[in-house]
Each structure stands twice: as C-alpha cells, then as structure tokens.
$ cat data-v2.txt   # compact mmCIF, C-alpha atoms
# COMPACT_ATOMS: atom_id res chain seq x y z
CA MET A 1 -29.79 -1.46 -66.17
CA ARG A 2 -30.60 -1.69 -62.48
CA LYS A 3 -27.88 -4.30 -61.92
CA LEU A 4 -25.29 -1.73 -63.01
CA ALA A 5 -26.20 0.77 -60.27
CA PHE A 6 -23.45 -0.41 -57.91
CA VAL A 7 -20.83 -0.32 -60.66
CA PHE A 8 -21.89 3.21 -61.59
CA LEU A 9 -21.67 4.41 -57.97
CA LEU A 10 -18.22 2.86 -57.54
CA VAL A 11 -16.90 4.47 -60.70
CA LEU A 12 -18.44 7.85 -59.88
CA THR A 13 -17.03 7.82 -56.34
CA LEU A 14 -13.51 7.16 -57.61
CA ALA A 15 -13.88 9.87 -60.24
CA PHE A 16 -15.14 12.47 -57.76
CA GLY A 17 -12.31 11.54 -55.41
CA SER A 18 -9.74 12.07 -58.15
CA VAL A 19 -11.15 15.47 -59.05
CA ALA A 20 -11.39 16.62 -55.42
CA PHE A 21 -7.82 15.46 -54.72
CA ALA A 22 -6.51 17.45 -57.68
CA GLN A 23 -7.95 20.73 -56.36
CA ASP A 24 -5.53 22.57 -54.07
CA ALA A 25 -7.08 26.04 -53.62
CA GLU A 26 -9.82 26.74 -51.07
CA PHE A 27 -13.19 27.56 -52.55
CA CYS A 28 -14.97 30.79 -51.57
CA GLY A 29 -17.84 30.99 -54.05
CA ASN A 30 -19.78 34.21 -53.55
CA LEU A 31 -18.56 34.76 -49.99
CA SER A 32 -16.80 37.84 -48.73
CA ALA A 33 -13.18 37.37 -47.66
CA GLU A 34 -14.26 37.45 -44.00
CA ASP A 35 -17.03 34.88 -44.47
CA CYS A 36 -14.77 32.67 -46.58
CA ALA A 37 -12.13 32.57 -43.86
CA LEU A 38 -14.79 31.82 -41.22
CA TYR A 39 -16.31 29.01 -43.29
CA ASN A 40 -13.08 27.32 -44.37
CA ASN A 41 -11.39 27.65 -40.99
CA SER A 42 -14.38 26.03 -39.27
CA ALA A 43 -13.68 22.82 -41.18
CA MET A 44 -10.20 22.70 -39.65
CA GLN A 45 -11.27 23.24 -36.03
CA MET A 46 -11.11 20.25 -33.68
CA ILE A 47 -13.93 20.04 -31.13
CA ASN A 48 -12.59 17.96 -28.23
CA ALA A 49 -15.94 17.64 -26.44
CA ALA A 50 -19.58 18.28 -27.34
CA SER A 51 -23.12 17.02 -27.08
CA PHE A 52 -24.96 16.35 -30.33
CA ASN A 53 -28.37 15.68 -31.78
CA GLY A 54 -29.13 14.56 -35.30
CA ASN A 55 -31.56 12.79 -37.57
CA LEU A 56 -31.52 11.06 -40.92
CA ASN A 57 -34.42 10.31 -43.26
CA VAL A 58 -34.00 8.00 -46.24
CA SER A 59 -36.74 7.43 -48.81
CA ILE A 60 -36.68 5.10 -51.81
CA THR A 61 -39.75 5.02 -54.02
CA GLY A 62 -40.66 3.29 -57.25
CA ILE A 63 -38.87 0.02 -56.42
CA PRO A 64 -40.08 -2.67 -58.85
CA ASP A 65 -42.34 -5.26 -57.22
CA SER A 66 -41.76 -3.80 -53.78
CA GLU A 67 -43.19 -1.33 -51.32
CA ASP A 68 -41.57 2.08 -50.91
CA VAL A 69 -38.82 2.18 -48.30
CA ASN A 70 -38.74 4.84 -45.60
CA ILE A 71 -36.07 4.69 -42.91
CA THR A 72 -35.59 7.17 -40.09
CA LEU A 73 -32.65 7.43 -37.73
CA GLY A 74 -32.35 9.71 -34.72
CA ALA A 75 -29.05 10.09 -32.90
CA SER A 76 -28.12 11.92 -29.72
CA GLY A 77 -25.28 11.79 -27.25
CA ALA A 78 -22.01 13.38 -26.27
CA TYR A 79 -18.28 12.80 -26.49
CA SER A 80 -15.09 13.95 -24.85
CA LEU A 81 -11.55 13.42 -26.10
CA ASP A 82 -8.50 13.93 -23.92
CA SER A 83 -6.86 16.94 -25.59
CA GLY A 84 -3.43 15.51 -24.76
CA THR A 85 -4.05 12.39 -26.83
CA THR A 86 -2.77 12.41 -30.38
CA LEU A 87 -2.43 9.71 -32.99
CA ASP A 88 0.12 10.56 -35.67
CA LEU A 89 -1.01 8.42 -38.61
CA SER A 90 2.10 9.38 -40.57
CA THR A 91 4.22 7.30 -38.16
CA ILE A 92 2.16 4.14 -38.70
CA ASP A 93 3.41 1.78 -41.40
CA PRO A 94 0.35 0.79 -43.51
CA ASN A 95 2.00 -2.60 -44.13
CA ASP A 96 2.28 -3.24 -40.37
CA PRO A 97 -1.27 -3.85 -39.03
CA MET A 98 0.10 -4.40 -35.52
CA ALA A 99 1.30 -0.78 -35.36
CA ALA A 100 -2.24 0.60 -35.75
CA ILE A 101 -3.73 -2.05 -33.46
CA SER A 102 -1.18 -1.26 -30.74
CA ALA A 103 -2.16 2.42 -30.83
CA LEU A 104 -5.90 1.74 -30.63
CA PRO A 105 -6.28 0.84 -26.91
CA ALA A 106 -4.77 4.15 -25.75
CA LEU A 107 -7.08 6.02 -28.11
CA LEU A 108 -10.14 4.14 -26.80
CA ARG A 109 -9.20 4.97 -23.21
CA ALA A 110 -8.81 8.66 -24.09
CA PHE A 111 -12.21 8.89 -25.81
CA ASP A 112 -15.45 8.86 -23.83
CA GLY A 113 -18.73 8.83 -25.70
CA SER A 114 -22.45 8.14 -25.41
CA LEU A 115 -24.76 7.40 -28.30
CA THR A 116 -28.50 6.76 -28.42
CA LEU A 117 -29.85 5.63 -31.78
CA ASP A 118 -33.57 5.48 -32.59
CA LEU A 119 -34.11 3.51 -35.79
CA GLY A 120 -37.41 3.34 -37.63
CA LEU A 121 -37.69 0.60 -40.27
CA PRO A 122 -40.38 -0.04 -42.93
CA ALA A 123 -43.47 -1.90 -41.80
CA ASP A 124 -42.47 -5.02 -43.76
CA ALA A 125 -39.40 -5.41 -41.52
CA ALA A 126 -41.71 -7.27 -39.16
CA SER A 127 -42.05 -10.07 -41.70
CA ALA A 128 -38.28 -10.63 -41.36
CA GLY A 129 -38.57 -10.86 -37.59
CA LEU A 130 -37.23 -7.36 -37.01
CA PRO A 131 -38.87 -4.65 -34.90
CA THR A 132 -40.05 -1.62 -36.84
CA ASN A 133 -38.70 0.65 -34.11
CA LEU A 134 -35.44 0.01 -32.31
CA THR A 135 -33.54 2.04 -29.71
CA LEU A 136 -29.88 1.37 -29.04
CA ASP A 137 -28.03 2.89 -26.06
CA LEU A 138 -24.23 2.72 -26.16
CA ARG A 139 -21.39 4.23 -24.14
CA LEU A 140 -17.62 4.11 -24.13
CA VAL A 141 -15.84 5.28 -20.98
CA GLU A 142 -12.15 4.72 -20.22
CA GLY A 143 -11.90 1.98 -22.82
CA ILE A 144 -14.93 0.03 -21.55
CA GLY A 145 -17.86 -0.34 -23.92
CA TYR A 146 -21.40 -0.44 -22.52
CA ILE A 147 -24.76 -1.44 -23.98
CA ASN A 148 -28.24 -1.12 -22.49
CA PHE A 149 -29.89 -4.51 -23.02
CA ASP A 150 -33.30 -3.24 -21.90
CA THR A 151 -33.71 -1.14 -25.05
CA ILE A 152 -33.10 -4.13 -27.34
CA SER A 153 -35.07 -6.73 -25.39
CA ASP A 154 -37.45 -7.28 -28.32
CA LEU A 155 -34.51 -8.00 -30.60
CA ILE A 156 -32.50 -10.30 -28.33
CA GLY A 157 -35.43 -11.87 -26.52
CA PRO A 158 -35.65 -15.01 -28.69
CA MET A 159 -31.88 -15.53 -28.50
CA THR A 160 -31.70 -15.20 -24.73
CA ALA A 161 -34.74 -17.44 -24.24
CA GLN A 162 -33.16 -20.18 -26.34
CA SER A 163 -29.77 -19.99 -24.62
CA GLY A 164 -31.10 -19.53 -21.10
CA MET A 165 -29.09 -16.35 -20.61
CA THR A 166 -30.48 -13.29 -18.87
CA LEU A 167 -29.42 -9.98 -20.37
CA ALA A 168 -30.91 -6.93 -18.69
CA GLY A 169 -29.82 -3.45 -17.71
CA TRP A 170 -26.39 -2.13 -18.67
CA GLY A 171 -23.61 -4.55 -19.57
CA GLY A 172 -19.96 -3.71 -20.22
CA LEU A 173 -16.80 -5.14 -21.77
CA ASP A 174 -13.22 -3.85 -21.59
CA LEU A 175 -12.72 -3.25 -25.32
CA ALA A 176 -9.29 -1.69 -24.92
CA GLY A 177 -8.08 -4.62 -22.85
CA LEU A 178 -9.60 -7.09 -25.31
CA ILE A 179 -7.74 -5.50 -28.22
CA GLU A 180 -4.49 -5.68 -26.23
CA GLN A 181 -5.02 -9.39 -25.62
CA LEU A 182 -6.07 -10.19 -29.18
CA GLY A 183 -3.61 -7.84 -30.88
CA PRO A 184 -1.45 -10.44 -32.69
CA ALA A 185 -4.50 -12.35 -33.93
CA LEU A 186 -6.19 -9.16 -35.13
CA ALA A 187 -2.98 -8.07 -36.86
CA GLN A 188 -2.83 -11.33 -38.76
CA PHE A 189 -6.48 -11.01 -39.77
CA ALA A 190 -5.87 -7.42 -40.97
CA ASP A 191 -2.75 -8.33 -42.94
CA PRO A 192 -3.20 -7.15 -46.57
CA ALA A 193 -2.14 -10.56 -47.87
CA VAL A 194 -4.75 -12.33 -45.74
CA LEU A 195 -7.46 -9.88 -46.78
CA GLY A 196 -6.57 -10.49 -50.41
CA GLN A 197 -7.04 -14.25 -49.91
CA MET A 198 -10.47 -13.54 -48.42
CA GLY A 199 -11.71 -12.00 -51.63
CA GLY A 200 -11.34 -8.34 -50.78
CA VAL A 201 -11.78 -5.54 -53.30
CA ASP A 202 -9.32 -5.88 -56.17
CA THR A 203 -7.52 -2.57 -56.62
CA SER A 204 -4.95 -3.91 -59.07
CA GLY A 205 -6.31 -1.56 -61.72
CA LEU A 206 -5.45 1.42 -59.52
CA ASP A 207 -1.66 1.22 -59.48
CA MET A 208 0.41 4.38 -59.03
CA ASN A 209 0.66 4.99 -62.77
CA THR A 210 -3.12 4.88 -63.06
CA ILE A 211 -3.59 7.11 -60.01
CA ASN A 212 -1.09 9.64 -61.38
CA ALA A 213 -2.86 9.61 -64.75
CA LEU A 214 -6.24 10.15 -63.05
CA THR A 215 -4.84 13.04 -61.00
CA GLU A 216 -3.38 14.66 -64.11
CA ALA A 217 -6.65 14.26 -66.01
CA ALA A 218 -8.63 15.60 -63.05
CA GLN A 219 -6.62 18.83 -63.13
CA ASN A 220 -8.29 19.57 -66.47
CA VAL A 221 -11.69 19.71 -64.77
CA ASP A 222 -12.70 23.21 -63.74
CA ILE A 223 -14.68 21.87 -60.80
CA ASN A 224 -15.10 25.29 -59.21
CA SER A 225 -17.33 26.39 -62.06
CA TYR A 226 -19.87 23.79 -60.90
CA LEU A 227 -19.69 24.60 -57.21
CA SER A 228 -21.76 27.15 -55.33
CA LEU A 229 -21.11 28.55 -51.86
CA GLU A 230 -23.18 31.37 -50.46
CA ARG A 231 -24.23 32.84 -47.16
CA VAL A 232 -27.93 32.40 -46.53
CA GLU A 233 -30.27 33.56 -43.79
CA ASP A 234 -28.69 33.28 -40.33
CA THR A 235 -29.74 30.46 -38.00
CA ASN A 236 -30.48 31.76 -34.51
CA GLY A 237 -28.20 34.69 -35.22
CA LEU A 238 -25.31 32.53 -36.44
CA PRO A 239 -23.77 32.75 -39.94
CA THR A 240 -25.13 30.02 -42.21
CA PHE A 241 -23.63 28.82 -45.48
CA THR A 242 -24.97 26.55 -48.22
CA PHE A 243 -22.67 24.57 -50.51
CA SER A 244 -24.06 22.83 -53.58
CA VAL A 245 -22.87 21.15 -56.78
CA ASP A 246 -24.28 21.78 -60.26
CA LEU A 247 -24.41 18.11 -61.23
CA ALA A 248 -26.46 18.89 -64.33
CA GLY A 249 -23.57 20.96 -65.66
CA LEU A 250 -20.89 18.56 -64.45
CA GLY A 251 -22.64 15.70 -66.23
CA ASN A 252 -22.04 17.53 -69.52
CA ASP A 253 -18.39 18.40 -68.81
CA GLN A 254 -16.27 16.34 -71.18
CA ALA A 255 -13.14 16.71 -69.05
CA PHE A 256 -14.97 15.17 -66.08
CA LEU A 257 -16.46 12.43 -68.25
CA ASP A 258 -12.93 11.66 -69.46
CA VAL A 259 -11.87 11.09 -65.84
CA VAL A 260 -14.84 8.78 -65.28
CA ASN A 261 -13.99 6.84 -68.41
CA GLN A 262 -10.39 6.45 -67.24
CA VAL A 263 -11.71 4.95 -64.01
CA ILE A 264 -13.81 2.51 -66.03
CA ASP A 265 -10.77 1.60 -68.12
CA ALA A 266 -8.70 0.99 -64.98
CA GLN A 267 -11.38 -1.23 -63.44
CA ALA A 268 -12.59 -2.94 -66.62
CA ALA A 269 -10.70 -6.21 -66.15
CA THR A 270 -11.81 -6.56 -62.53
CA LEU A 271 -15.43 -5.68 -63.29
CA GLU A 272 -15.57 -8.09 -66.22
CA SER A 273 -14.15 -10.89 -64.06
CA GLN A 274 -17.05 -10.22 -61.65
CA GLY A 275 -19.67 -10.62 -64.38
CA THR A 276 -19.95 -7.11 -65.85
CA SER A 277 -19.83 -7.49 -69.62
CA PRO A 278 -18.09 -5.06 -72.02
CA GLU A 279 -21.57 -4.17 -73.29
CA ASP A 280 -22.65 -3.27 -69.76
CA LEU A 281 -19.60 -1.02 -69.33
CA GLN A 282 -20.32 0.70 -72.62
CA GLN A 283 -23.90 1.26 -71.53
CA ILE A 284 -22.60 2.97 -68.39
CA ARG A 285 -20.32 5.19 -70.50
CA ASP A 286 -23.25 6.20 -72.70
CA ALA A 287 -25.58 6.75 -69.75
CA LEU A 288 -23.18 8.77 -67.59
CA PRO A 289 -24.43 12.29 -68.43
CA ALA A 290 -28.08 11.46 -67.72
CA LEU A 291 -27.28 9.49 -64.55
CA ILE A 292 -25.15 12.31 -63.13
CA GLN A 293 -27.61 15.03 -64.06
CA ALA A 294 -30.40 13.22 -62.20
CA ALA A 295 -28.61 13.74 -58.87
CA ASP A 296 -28.71 16.72 -56.52
CA PHE A 297 -26.56 17.60 -53.50
CA SER A 298 -26.38 20.43 -50.98
CA LEU A 299 -24.77 20.96 -47.58
CA THR A 300 -25.67 23.75 -45.16
CA THR A 301 -23.27 24.65 -42.35
CA VAL A 302 -23.86 26.86 -39.31
CA VAL A 303 -20.75 28.45 -37.77
CA ASP A 304 -20.36 30.14 -34.39
CA PRO A 305 -18.04 33.13 -35.02
CA ALA A 306 -17.26 33.43 -31.30
CA THR A 307 -15.48 30.06 -31.29
CA GLY A 308 -14.94 29.43 -35.00
CA PHE A 309 -16.60 26.02 -34.69
CA ALA A 310 -19.19 24.58 -37.06
CA VAL A 311 -22.16 23.83 -34.78
CA GLY A 312 -24.76 22.60 -37.25
CA TYR A 313 -25.05 20.72 -40.54
CA ASP A 314 -27.91 19.91 -42.89
CA VAL A 315 -27.35 17.64 -45.89
CA SER A 316 -29.66 16.81 -48.77
CA ILE A 317 -28.97 14.20 -51.46
CA SER A 318 -31.42 13.00 -54.08
CA TRP A 319 -31.49 11.04 -57.31
CA ASN A 320 -34.38 11.07 -59.76
CA GLY A 321 -34.36 7.77 -61.62
CA ALA A 322 -37.50 8.61 -63.56
CA ALA A 323 -35.91 11.77 -65.00
CA ALA A 324 -32.75 9.86 -65.90
CA SER A 325 -34.79 7.19 -67.65
CA GLU A 326 -36.59 9.73 -69.80
CA GLN A 327 -33.26 11.01 -71.12
CA LEU A 328 -31.85 7.52 -71.63
CA ILE A 329 -34.94 6.29 -73.49
CA ALA A 330 -35.02 9.42 -75.66
CA ALA A 331 -31.36 8.88 -76.56
CA GLY A 332 -31.96 5.22 -77.38
CA ILE A 333 -29.51 4.04 -74.71
CA ILE A 334 -32.09 1.87 -72.94
CA GLY A 335 -35.48 0.55 -73.92
CA ALA A 336 -38.74 1.52 -72.25
CA ASP A 337 -38.76 -1.88 -70.49
CA GLU A 338 -35.45 -0.99 -68.81
CA ALA A 339 -36.68 2.28 -67.32
CA ILE A 340 -35.46 3.11 -63.81
CA ALA A 341 -38.46 4.35 -61.84
CA VAL A 342 -36.58 4.45 -58.56
CA ASN A 343 -36.23 7.81 -56.79
CA PHE A 344 -33.91 8.23 -53.83
CA SER A 345 -33.67 10.98 -51.22
CA LEU A 346 -31.59 11.45 -48.09
CA ASP A 347 -32.00 14.34 -45.69
CA GLY A 348 -30.07 14.69 -42.47
CA SER A 349 -29.07 17.16 -39.82
CA LEU A 350 -26.50 17.25 -37.01
CA ASP A 351 -26.25 19.94 -34.31
CA PHE A 352 -23.61 20.41 -31.63
CA ALA A 353 -23.80 22.07 -28.19
CA ASP A 354 -21.79 22.16 -24.95
CA ILE A 355 -18.67 22.78 -27.03
CA ASN A 356 -15.55 21.62 -25.16
CA THR A 357 -17.50 21.26 -21.89
CA ALA A 358 -19.49 18.04 -22.41
CA THR A 359 -18.63 15.03 -20.24
CA VAL A 360 -19.62 11.36 -20.35
CA SER A 361 -19.84 9.02 -17.36
CA ALA A 362 -20.23 5.28 -17.06
CA PRO A 363 -23.78 4.01 -16.44
CA GLU A 364 -24.54 3.22 -12.80
CA GLY A 365 -24.87 -0.42 -11.86
CA ALA A 366 -23.41 -1.76 -15.10
CA GLN A 367 -22.30 -5.39 -15.03
CA ILE A 368 -18.84 -5.65 -16.63
CA LEU A 369 -17.96 -9.03 -18.10
CA PRO A 370 -14.40 -10.07 -17.09
CA LEU A 371 -12.20 -10.85 -20.07
CA GLU A 372 -11.30 -14.20 -18.53
CA GLN A 373 -14.96 -15.17 -18.45
CA LEU A 374 -15.38 -14.04 -22.05
CA GLY A 375 -12.50 -16.27 -23.05
CA THR A 376 -14.10 -19.21 -21.29
CA MET A 377 -17.42 -18.58 -23.01
CA LEU A 378 -15.83 -18.31 -26.46
CA GLY A 379 -13.74 -21.39 -25.78
CA GLY A 380 -16.81 -23.44 -24.99
CA GLY A 381 -16.00 -23.65 -21.30
CA GLN A 382 -12.60 -25.27 -21.85

$ encode --input "data-v2.txt" --output "structure tokens"
Amino acid sequence: MRKLAFVFLLVLTLAFGSVAFAQDAEFCGNLSAEDCALYNNSAMQMINAASFNGNLNVSITGIPDSEDVNITLGASGAYSLDSGTTLDLSTIDPNDPMAAISALPALLRAFDGSLTLDLGLPADAASAGLPTNLTLDLRLVEGIGYINFDTISDLIGPMTAQSGMTLAGWGGLDLAGLIEQLGPALAQFADPAVLGQMGGVDTSGLDMNTINALTEAAQNVDINSYLSLERVEDTNGLPTFTFSVDLAGLGNDQAFLDVVNQVIDAQAATLESQGTSPEDLQQIRDALPALIQAADFSLTTVVDPATGFAVGYDVSISWNGAAASEQLIAAGIIGADEAIAVNFSLDGSLDFADINTATVSAPEGAQILPLEQLGTMLGGGQ
C-alpha cells in the first residue's frame, strides 16, 4: 500500500484542483460582512516590498525500518519589486517558450531580494556526507545573483579542495544577462515537444473533454459545507482568521469521491503503463474515504486593517497513517501486514514587516564572475 502513496497524492491534488476551480463565489464562513471583505480583499493585495521571517517544521514518524525524520527550515530576508514592472501572462503564447524567456531578464532586474535559509536535517544526514545544519545566504539585485560561500564552506569544501578552486566571501553572476545570452538554447530545451521526448509527465488523459467533465462533476460538490472560516483572537491587536477543511466529512461525500474516481479513470492508462496495476487502482478507490479522513488542514491569516495587507500566516497540515490503517483493516481493504504506521505533520509560519518600504542592496566586496569567463570555464577553456 505504501507504494501507492504518490499515486494517491497526485489523484487527490487533481481532484481538489477541479473542485476549487469550479467554485466561483467568495467564501465568508461565519464572518461578518466587514470581516469577510477584509479577509478576502487581503488575498488580492500586492505587496511590492517587505521584509519577512518564517519557519517550517516537518515531522515524519513510524517509517518502516528507519529513524523518524525531523526537518526544520528558517527563512528570513526582504524583497522589493519595481511597482512599474508588470508581466502580462495573457500576452505570452504558451507554445512559444522564447516569449516567456525574453520577458524574464527585465523581471529579474526589477526584483531585488535577499534570502537567508537555515536548514536543519536529521542526524543520519551525516552518514550521506551532508551537514546536519546548513545556512544559505542569497541575494538578487539588479539582475545579479549573489551567494555567500562562507556559509556553505562545509558543503563545498571537498569539491573546492579537489578542483583547486578557492570560493570564499560573496560571489555573483549576472543571471539576467546569462538568460539573454542563452535564450534560444533555453527556449529549445523548454519546448513542449522536447520535454515530451525527455519523459515528462503524460497529461494525455487530461484533454479538454476530460477537464470539462471534471469541472462539471466538481460543480456537484457542495465544498462550502466542508469549509470553516472564523475570526479568532486578535494577534497583537490585528484581526486574525482561521480557515480549515472538514476532510473527515469530505471523505464521505459521494459527489467528491465521484470527481476523484473520474481523475483515476482519466489517468488509468498512464498509471498502468508506469507499473500501477488495475488492482492497485481499485485499492485506491476503496481506500479513498479513510485516506482523506486521516488528513487535517488549517490556515491562519493575520490582516492589518490599516493597509488591508495580510501580514502573517500560520499553516498546519497533518496525516495520521495509523488511524487510516485502522479503518482500512476493519473494512478488509488491506491486511494487518500492510498497515501504514507513518504519521506526517507540517507546521509553518510567515510574517511580513516593513510593508512597501523594505530595500535590498548588493553585498559589499562581492566578486562578480564575468559571463565571458563563465563561458570559458564551461567550454573547458576553449
């Protein structure tokens, strides 16, 4: 049963996407008209500059023949986008990769950003030659990307020692200029036909007729009856809202299960060609209610009414494999030897400050690699 986890997640993602796309009215839950407008409008506001601070904690327990996995990620930084820069995606032909690539350099030059990532990996990462704690400092200013080699010296040390290179301090590369030079080659690589030859995801089962059928079926799902949105205790005096999904109820909704089954039907040929048997697909169909009901999701948003911007988010996602297994075993869908003991949890937060005033500058003393020298290095000195 564990080998079907990816297939289940793919199918469920497509089904949720179909249901969400079919909903056209804004959701207010138990909010007052004033709070509903504040909450929904905050999602539409564009913050052109801000500093941010966030963290992510992922825990996976009960993995067969393996230690529990605990991963932490801290992120901080700032960004600033030139308010006069716009990218109208509707004018870009999806069948013309060069159109999107040509627009990218100007966008990179209009976006300045800094990002510091602090990654904590499980203790057994050391056995794979990886540090258990890693800090990564990145910046993008006027189209030039920068990286602080000092913070990753433990990671790149063996590589630099073997090659004889010295990488220290801040280094930079003109990413916007590089894309301009490599545009035609990148466009060819991104061509849909080329990607298809490289073994990309087969979406042949999702033609327009199938998508239209999924959208029509999704309209039969009363998704709002499984959603909750309420105002909770204020955070530092700012209105705070929690959105959640009753997945236990949704997992018993036949209209939603019909959408999921249509997704399985559309992808059956592709999945079977990749080694998923018809019996496996039927097992997923039978197990769907229990697998969905074992999940939990909530999102808390903090909104500043003075600006209308969302300035804080907290997300919580979990999946209780042990609880799902109990239901599946009781229903005779899997045997006791196929029990899924794995439990998964993800908790994260992201807070914004310095709204529309934050700035980012290039690091002092950075050594910028000329594109000509990069070409020589990649060409083996020729």

$ residues_near_point --input "data-v2.txt" --point "(-35.6, 12.6, -67.2)" --cutoff "12 Å" --atoms "only C-alpha atoms" --output "short mmCIF file (atom, residue, chain, number, x, y, z; two decimals) with C-alpha atoms, keeping the file's coordinate frame"
data_model
loop_
_atom_site.label_atom_id
_atom_site.label_comp_id
_atom_site.auth_asym_id
_atom_site.auth_seq_id
_atom_site.Cartn_x
_atom_site.Cartn_y
_atom_site.Cartn_z
CA ALA A 248 -26.46 18.89 -64.33
CA ALA A 287 -25.58 6.75 -69.75
CA PRO A 289 -24.43 12.29 -68.43
CA ALA A 290 -28.08 11.46 -67.72
CA LEU A 291 -27.28 9.49 -64.55
CA ILE A 292 -25.15 12.31 -63.13
CA GLN A 293 -27.61 15.03 -64.06
CA ALA A 294 -30.40 13.22 -62.20
CA ALA A 295 -28.61 13.74 -58.87
CA TRP A 319 -31.49 11.04 -57.31
CA ASN A 320 -34.38 11.07 -59.76
CA GLY A 321 -34.36 7.77 -61.62
CA ALA A 322 -37.50 8.61 -63.56
CA ALA A 323 -35.91 11.77 -65.00
CA ALA A 324 -32.75 9.86 -65.90
CA SER A 325 -34.79 7.19 -67.65
CA GLU A 326 -36.59 9.73 -69.80
CA GLN A 327 -33.26 11.01 -71.12
CA LEU A 328 -31.85 7.52 -71.63
CA ILE A 329 -34.94 6.29 -73.49
CA ALA A 330 -35.02 9.42 -75.66
CA ALA A 331 -31.36 8.88 -76.56
CA ALA A 339 -36.68 2.28 -67.32
CA ILE A 340 -35.46 3.11 -63.81
CA ALA A 341 -38.46 4.35 -61.84
CA VAL A 342 -36.58 4.45 -58.56
CA ASN A 343 -36.23 7.81 -56.79
#

$ closest_residue --input "data-v2.txt" --among "A:Asn261, A:Gln373, A:Ser318, A:Asn30" --to "Arg231 of chain A" --atoms "only C-alpha atoms"
A:Asn30

$ closest_residue --input "data-v2.txt" --among "A:Glu180, A:Asp118, A:Asp150, A:Asp35" --to "Pro105 of chain A" --atoms "only C-alpha atoms"
A:Glu180

$ atom_distance --input "data-v2.txt" --atom1 "atom CA of Thr300 of chain A" --atom2 "atom CA of Ser42 of chain A"
12.9 Å

$ residues_around --input "data-v2.txt" --residues "Leu38 of chain A" --least-positions-apart "5" --cutoff "12 Å" --atoms "all atoms listed in the file" --output "ChimeraX atom specification"
/A:28,31-33,43-45,231,238-241,301-310

$ closest_residue --input "data-v2.txt" --among "A:Leu167, A:Leu136, A:Ile223, A:Ala110" --to "Gly29 of chain A" --atoms "all atoms listed in the file"
A:Ile223

$ atom_distance --input "data-v2.txt" --atom1 "atom CA of Ser66 of chain A" --atom2 "atom CA of Leu346 of chain A"
19.2 Å

$ closest_residue --input "data-v2.txt" --among "A:Leu250, A:Ile152, A:Ala168, A:Leu140" --to "Ser114 of chain A" --atoms "all atoms listed in the file"
A:Leu140

$ atom_distance --input "data-v2.txt" --atom1 "atom CA of Met98 of chain A" --atom2 "atom CA of Asn48 of chain A"
26.7 Å
